[in-house]
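Working notes for the structure below.
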Amino acid sequence: MTGGEAAAPGPRAVGRAAKRAARRAAAGTLAFVESPVQLLNVLEWAYGEQATALTVVVLAPHDPMTRGQLRRMAELAREEGFSVRWEEARGGAGAPLRTIGGLTPRLRRAGRVVIGDPFSRYVQLLLTLTRARDLVVVDDGTATMEFITQLANGERLVRWHRHGGGRGPRDLIFAPFSAAARRRLTPAPEGGRRTVALFTSMPVAPPPGIRILSNEFAWTRRRFGPPRLTRGTDIVGTSLVETGVVDADRYLEAVGALARDHGATRYFAHRRESAAKLHRIATETRLEVVRPDLPLELIARRGPVGRQILSFPSTVVHTLPLALAGTGVGVAVCDIDPSWLTGKASPRAEDFLSGVTGTARGVRRLPTAPVAPEVREAAPGDMAPASGGPAPAPPDSAGPAPNPPDSGTSGSGTSGSGKKWNRY
């Protein structure tokens, strides 16, 4: 052996490693998800890693739209051959204790744990109970970028839009669990037996010791599409108003300006957008408001979808170019003007949103405040309005469409048809 060569592992070392891998495989993988996007990314991870013995635990939230999308995603997970355990983790005062008590034996046995939201207090508590040596974090959208930054800097795990830095009474109660979870998610020193991996489509620079697994949405592209393209433009909504970051009136003005300037006819609602806000969008902008029953990456891949998709800074400006690769669909992002931010917005909000936009690959950037059509000069490359003129006026109702998402029958059409929507 020359000086530049590393010694090959001996037969005993190879045997011990193989036994550890076999034990982990036999113990299986436990994945905890609280949103449809997290479950989608668990399926993407499982496809890339060829994971088989996987149990997905859904810690069900209260929000009806989120629950509806999670039920649809759970159907897809079962179709892929995985076990799904639905937990009403927030169904009353005794629900957390029942959920944790029922999951503890599985947590103790699991060889690998996958989580979708390291900021979740529920997940942080569960991480203190597991003995798994392999931890995997899958994308929970752009929050992954903030998680990695905080982990690298040794900071407390606090969501970027939280005003006041997350120092309320509940934060103080859960502080020990948050600190313990952060330690578990910090890779062990070199040679340690605990591993931490991040499965992501976000542009992140992880701290030393975390293994990066690239999410290219290979499962989504295999499972759905390619989509049929319409001649129109679609707008993707965000929950920045609901989280208190952006003023509602300024947001609606921006949506209306984008619709006028780019001939948009449809608005794909974020699952957390309020019914009142969506009603205003439908009546004031004349856009057809669509409430998808699956994450937008799957809806867009399934189609039909516009040849151009417009978005504000959000997860989709990173994920849609990957999910729609090779389809000819263009994605553009409109920056958030600082004047749109509310007084309740976190001091970090402006920089974070700017970073989301600036790091997006394969998207076109739009100005933050499109000028009114009467003073605007036609710009080369602008798309003509979709054929057929403006969308018909929506019904005068702010309530949800029939068949609420949690009923399992959200709208008309069949699975995979691209028409299973709730409309306003």
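Simple scheme: letters A, B, ... for chains in structure tokens order, numbers from 1 for residues in each chain, numbers from 1 for ligands in the order shown.
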Original post:
Which residues, written as a list in words, have at least one atom at most 10 Å from Arg223 in chain A, with only C-alpha atoms counted and residues fewer than 2 positions away on the same chain left out?
Top reply: Leu76, Ala218, Trp219, Thr220, Arg221, Gly225, Pro226, Leu298, Arg301, Arg302 and Gly416 of chain A
Those residues with C-alpha atoms, as a CSV table (one decimal), in the first residue's frame please?
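This went into again31.csv:
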chain,number,residue,atom,x,y,z
A,76,LEU,CA,-50.9,7.7,-3.1
A,218,ALA,CA,-38.1,12.0,-10.1
A,219,TRP,CA,-41.1,10.1,-8.5
A,220,THR,CA,-43.5,13.0,-9.5
A,221,ARG,CA,-42.3,13.0,-13.1
A,225,GLY,CA,-47.8,13.7,-16.8
A,226,PRO,CA,-46.6,15.2,-19.0
A,298,LEU,CA,-48.6,17.2,-8.7
A,301,ARG,CA,-47.6,17.9,-13.6
A,302,ARG,CA,-51.0,16.2,-14.0
A,416,GLY,CA,-55.3,11.7,-12.3
How close does range 232-329 of chain A get to range 192-209 of chain A? List, as JSON lines, each residue of range 232-329 of chain A within 9 Å, its nearest atom pair and the distance in Å to one decimal, counting only C-alpha atoms.
{"residue": "A:Thr315", "atom": "CA", "partner": "A:Met202", "partner_atom": "CA", "distance": 8.6}
{"residue": "A:His318", "atom": "CA", "partner": "A:Met202", "partner_atom": "CA", "distance": 6.6}
{"residue": "A:Thr319", "atom": "CA", "partner": "A:Ser201", "partner_atom": "CA", "distance": 6.7}
{"residue": "A:Leu322", "atom": "CA", "partner": "A:Ser201", "partner_atom": "CA", "distance": 8.4}
**OP:** List every residue of range 50-201 of chain A that DSSP, applied to the backbone of this structure, assigns to alpha helix (DSSP H), and report them as a ChimeraX atom specification.
**Re:** /A:64-79,95-109,121-127,143-152,169-184
Original post:
Contacts of Glu273 in chain A at 10 Å or less, counting only C-alpha atoms, minus same-chain residues fewer than 2 places along, as JSON, numbers by chain?
Top reply: {"A": [65, 237, 238, 239, 240, 241, 242, 243, 269, 270, 271, 275, 276, 277, 278, 291]}
Go ahead and save the picked residues with C-alpha atoms, as a compact mmCIF listing (two decimals), in the first residue's frame.
# COMPACT_ATOMS: atom_id res chain seq x y z
CA MET A 65 -57.84 21.97 3.21
CA GLY A 237 -51.17 31.97 -4.35
CA THR A 238 -49.35 32.21 -1.04
CA SER A 239 -50.32 32.33 2.64
CA LEU A 240 -48.18 35.41 3.36
CA VAL A 241 -51.32 37.35 4.31
CA GLU A 242 -52.52 34.60 6.65
CA THR A 243 -49.15 34.43 8.41
CA ALA A 269 -54.90 28.86 -3.98
CA HIS A 270 -52.50 27.91 -1.23
CA ARG A 271 -54.12 25.40 1.12
CA ALA A 275 -62.08 31.74 2.21
CA ALA A 276 -62.71 35.47 2.65
CA LYS A 277 -59.49 36.42 0.88
CA LEU A 278 -60.12 33.99 -1.97
CA ARG A 291 -58.39 24.99 -4.66
**OP:** Might you pull out every residue within 10 Å of Met73 in chain A, with only C-alpha atoms counted and same-chain residues fewer than 6 positions away left off, and present them as a ChimeraX atom specification?
**Re:** /A:35-40,43,67,79,293-295
Subject >> DSSP strand (DSSP E) residues within range 79-297 of chain A, as an MDAnalysis selection string >> reply: chainID A and resid 83:87 112:115 134:138 195:200 210:214 229:236 264:268 288:292
Each range 185-257 of chain A residue no farther than 10 Å from range 326-333 of chain A, nearest pair in Å, only C-alpha atoms, as JSON lines:
{"residue": "A:Gly225", "atom": "CA", "partner": "A:Thr327", "partner_atom": "CA", "distance": 9.1}
{"residue": "A:Pro226", "atom": "CA", "partner": "A:Thr327", "partner_atom": "CA", "distance": 6.6}
{"residue": "A:Pro227", "atom": "CA", "partner": "A:Thr327", "partner_atom": "CA", "distance": 7.4}
{"residue": "A:Arg228", "atom": "CA", "partner": "A:Thr327", "partner_atom": "CA", "distance": 9.0}
{"residue": "A:Leu229", "atom": "CA", "partner": "A:Val329", "partner_atom": "CA", "distance": 7.9}
{"residue": "A:Thr230", "atom": "CA", "partner": "A:Val329", "partner_atom": "CA", "distance": 10.0}
{"residue": "A:Thr233", "atom": "CA", "partner": "A:Gly330", "partner_atom": "CA", "distance": 9.6}
{"residue": "A:Asp234", "atom": "CA", "partner": "A:Val331", "partner_atom": "CA", "distance": 9.7}
{"residue": "A:Ile235", "atom": "CA", "partner": "A:Ala332", "partner_atom": "CA", "distance": 9.6}
{"residue": "A:Val236", "atom": "CA", "partner": "A:Val333", "partner_atom": "CA", "distance": 9.7}
**OP:** State, in Å with one decimal place, the distance from CA of Glu350 in chain A to CA of Phe119 in chain A.
**Re:** 20.3 Å
**OP:** Report the distance between CA of Thr55 in chain A and CA of Phe82 in chain A in Å, rounded to one decimal place.
**Re:** 6.2 Å
Tell me, as a compact mmCIF listing (two decimals) with N, CA and C atoms, in the first residue's frame, which residues lie within 9 Å of range 126-134 of chain A, counting only C-alpha atoms; anything in the same chain fewer than 3 positions away does not count.
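Okay, part07.txt is ready:
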# COMPACT_ATOMS: atom_id res chain seq x y z
N ARG A 24 -30.93 -2.15 10.76
CA ARG A 24 -31.69 -0.95 10.47
C ARG A 24 -32.81 -1.24 9.47
N ILE A 100 -48.60 10.12 21.55
CA ILE A 100 -47.21 9.85 21.94
C ILE A 100 -47.10 8.47 22.58
N LEU A 103 -47.19 5.83 19.89
CA LEU A 103 -46.06 5.83 18.96
C LEU A 103 -44.74 5.45 19.62
N THR A 104 -44.66 5.55 20.93
CA THR A 104 -43.38 5.33 21.61
C THR A 104 -42.76 3.97 21.31
N ARG A 106 -42.99 2.09 18.66
CA ARG A 106 -42.47 2.11 17.30
C ARG A 106 -41.23 3.01 17.21
N LEU A 107 -41.27 4.12 17.92
CA LEU A 107 -40.11 5.02 17.92
C LEU A 107 -38.89 4.32 18.48
N ARG A 108 -39.10 3.53 19.52
CA ARG A 108 -37.97 2.82 20.14
C ARG A 108 -37.36 1.79 19.20
N ARG A 109 -38.21 1.18 18.35
CA ARG A 109 -37.72 0.13 17.46
C ARG A 109 -37.18 0.65 16.15
N ALA A 110 -37.62 1.81 15.71
CA ALA A 110 -37.28 2.29 14.36
C ALA A 110 -35.76 2.45 14.20
N GLY A 111 -35.27 1.97 13.08
CA GLY A 111 -33.85 2.13 12.78
C GLY A 111 -33.54 3.46 12.14
N ARG A 112 -34.57 4.06 11.53
CA ARG A 112 -34.39 5.34 10.85
C ARG A 112 -35.67 6.14 11.01
N VAL A 113 -35.53 7.45 11.26
CA VAL A 113 -36.67 8.34 11.41
C VAL A 113 -36.55 9.46 10.38
N VAL A 114 -37.64 9.71 9.67
CA VAL A 114 -37.71 10.78 8.68
C VAL A 114 -38.70 11.82 9.18
N ARG A 121 -43.28 21.51 17.22
CA ARG A 121 -43.10 21.10 18.62
C ARG A 121 -43.41 19.63 18.80
N TYR A 122 -44.40 19.14 18.05
CA TYR A 122 -44.74 17.72 18.12
C TYR A 122 -43.54 16.87 17.71
N VAL A 123 -42.95 17.21 16.57
CA VAL A 123 -41.81 16.45 16.07
C VAL A 123 -40.62 16.56 17.02
N PHE A 177 -37.32 20.69 24.92
CA PHE A 177 -37.51 19.73 23.84
C PHE A 177 -36.89 20.25 22.54
N ALA A 180 -33.16 19.78 22.79
CA ALA A 180 -32.81 18.37 22.62
C ALA A 180 -32.92 17.94 21.17
N ALA A 181 -33.98 18.42 20.49
CA ALA A 181 -34.14 18.08 19.07
C ALA A 181 -33.00 18.65 18.24
N ARG A 184 -30.11 16.43 18.56
CA ARG A 184 -30.27 15.19 17.80
C ARG A 184 -30.05 15.42 16.31
N LEU A 185 -30.42 16.61 15.83
CA LEU A 185 -30.28 16.92 14.41
C LEU A 185 -28.89 17.44 14.05
N ARG A 193 -21.80 7.18 15.48
CA ARG A 193 -22.71 6.20 14.89
C ARG A 193 -24.05 6.81 14.51
N ARG A 194 -24.26 8.11 14.77
CA ARG A 194 -25.50 8.76 14.38
C ARG A 194 -25.29 9.55 13.10
N THR A 195 -26.20 9.41 12.15
CA THR A 195 -26.09 10.13 10.88
C THR A 195 -27.30 11.03 10.70
N VAL A 196 -27.07 12.14 10.02
CA VAL A 196 -28.14 13.09 9.70
C VAL A 196 -28.04 13.40 8.21
N ALA A 197 -29.16 13.26 7.50
CA ALA A 197 -29.21 13.56 6.07
C ALA A 197 -30.33 14.56 5.80
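Distance-wise, CA of Phe224 in chain A and CA of Leu296 in chain A end up 12.2 Å apart.
Across A:Ala93, A:Leu258, A:Leu213, A:Thr285, the tightest approach to Glu49 in chain A is made by A:Leu213 when counting only C-alpha atoms.
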**OP:** Please provide as a PyMOL selection string all residues within 9 Å of Leu54 in chain A, with the sequence filter that same-chain residues fewer than 4 positions apart are discarded (counting only C-alpha atoms).
**Re:** chain A and resi 28-31+46+81-84
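Nearest residue to Ala143 in chain A among A:Thr357, A:Ser314, A:Gln124, A:Ser339 is A:Ser314, counting only C-alpha atoms.
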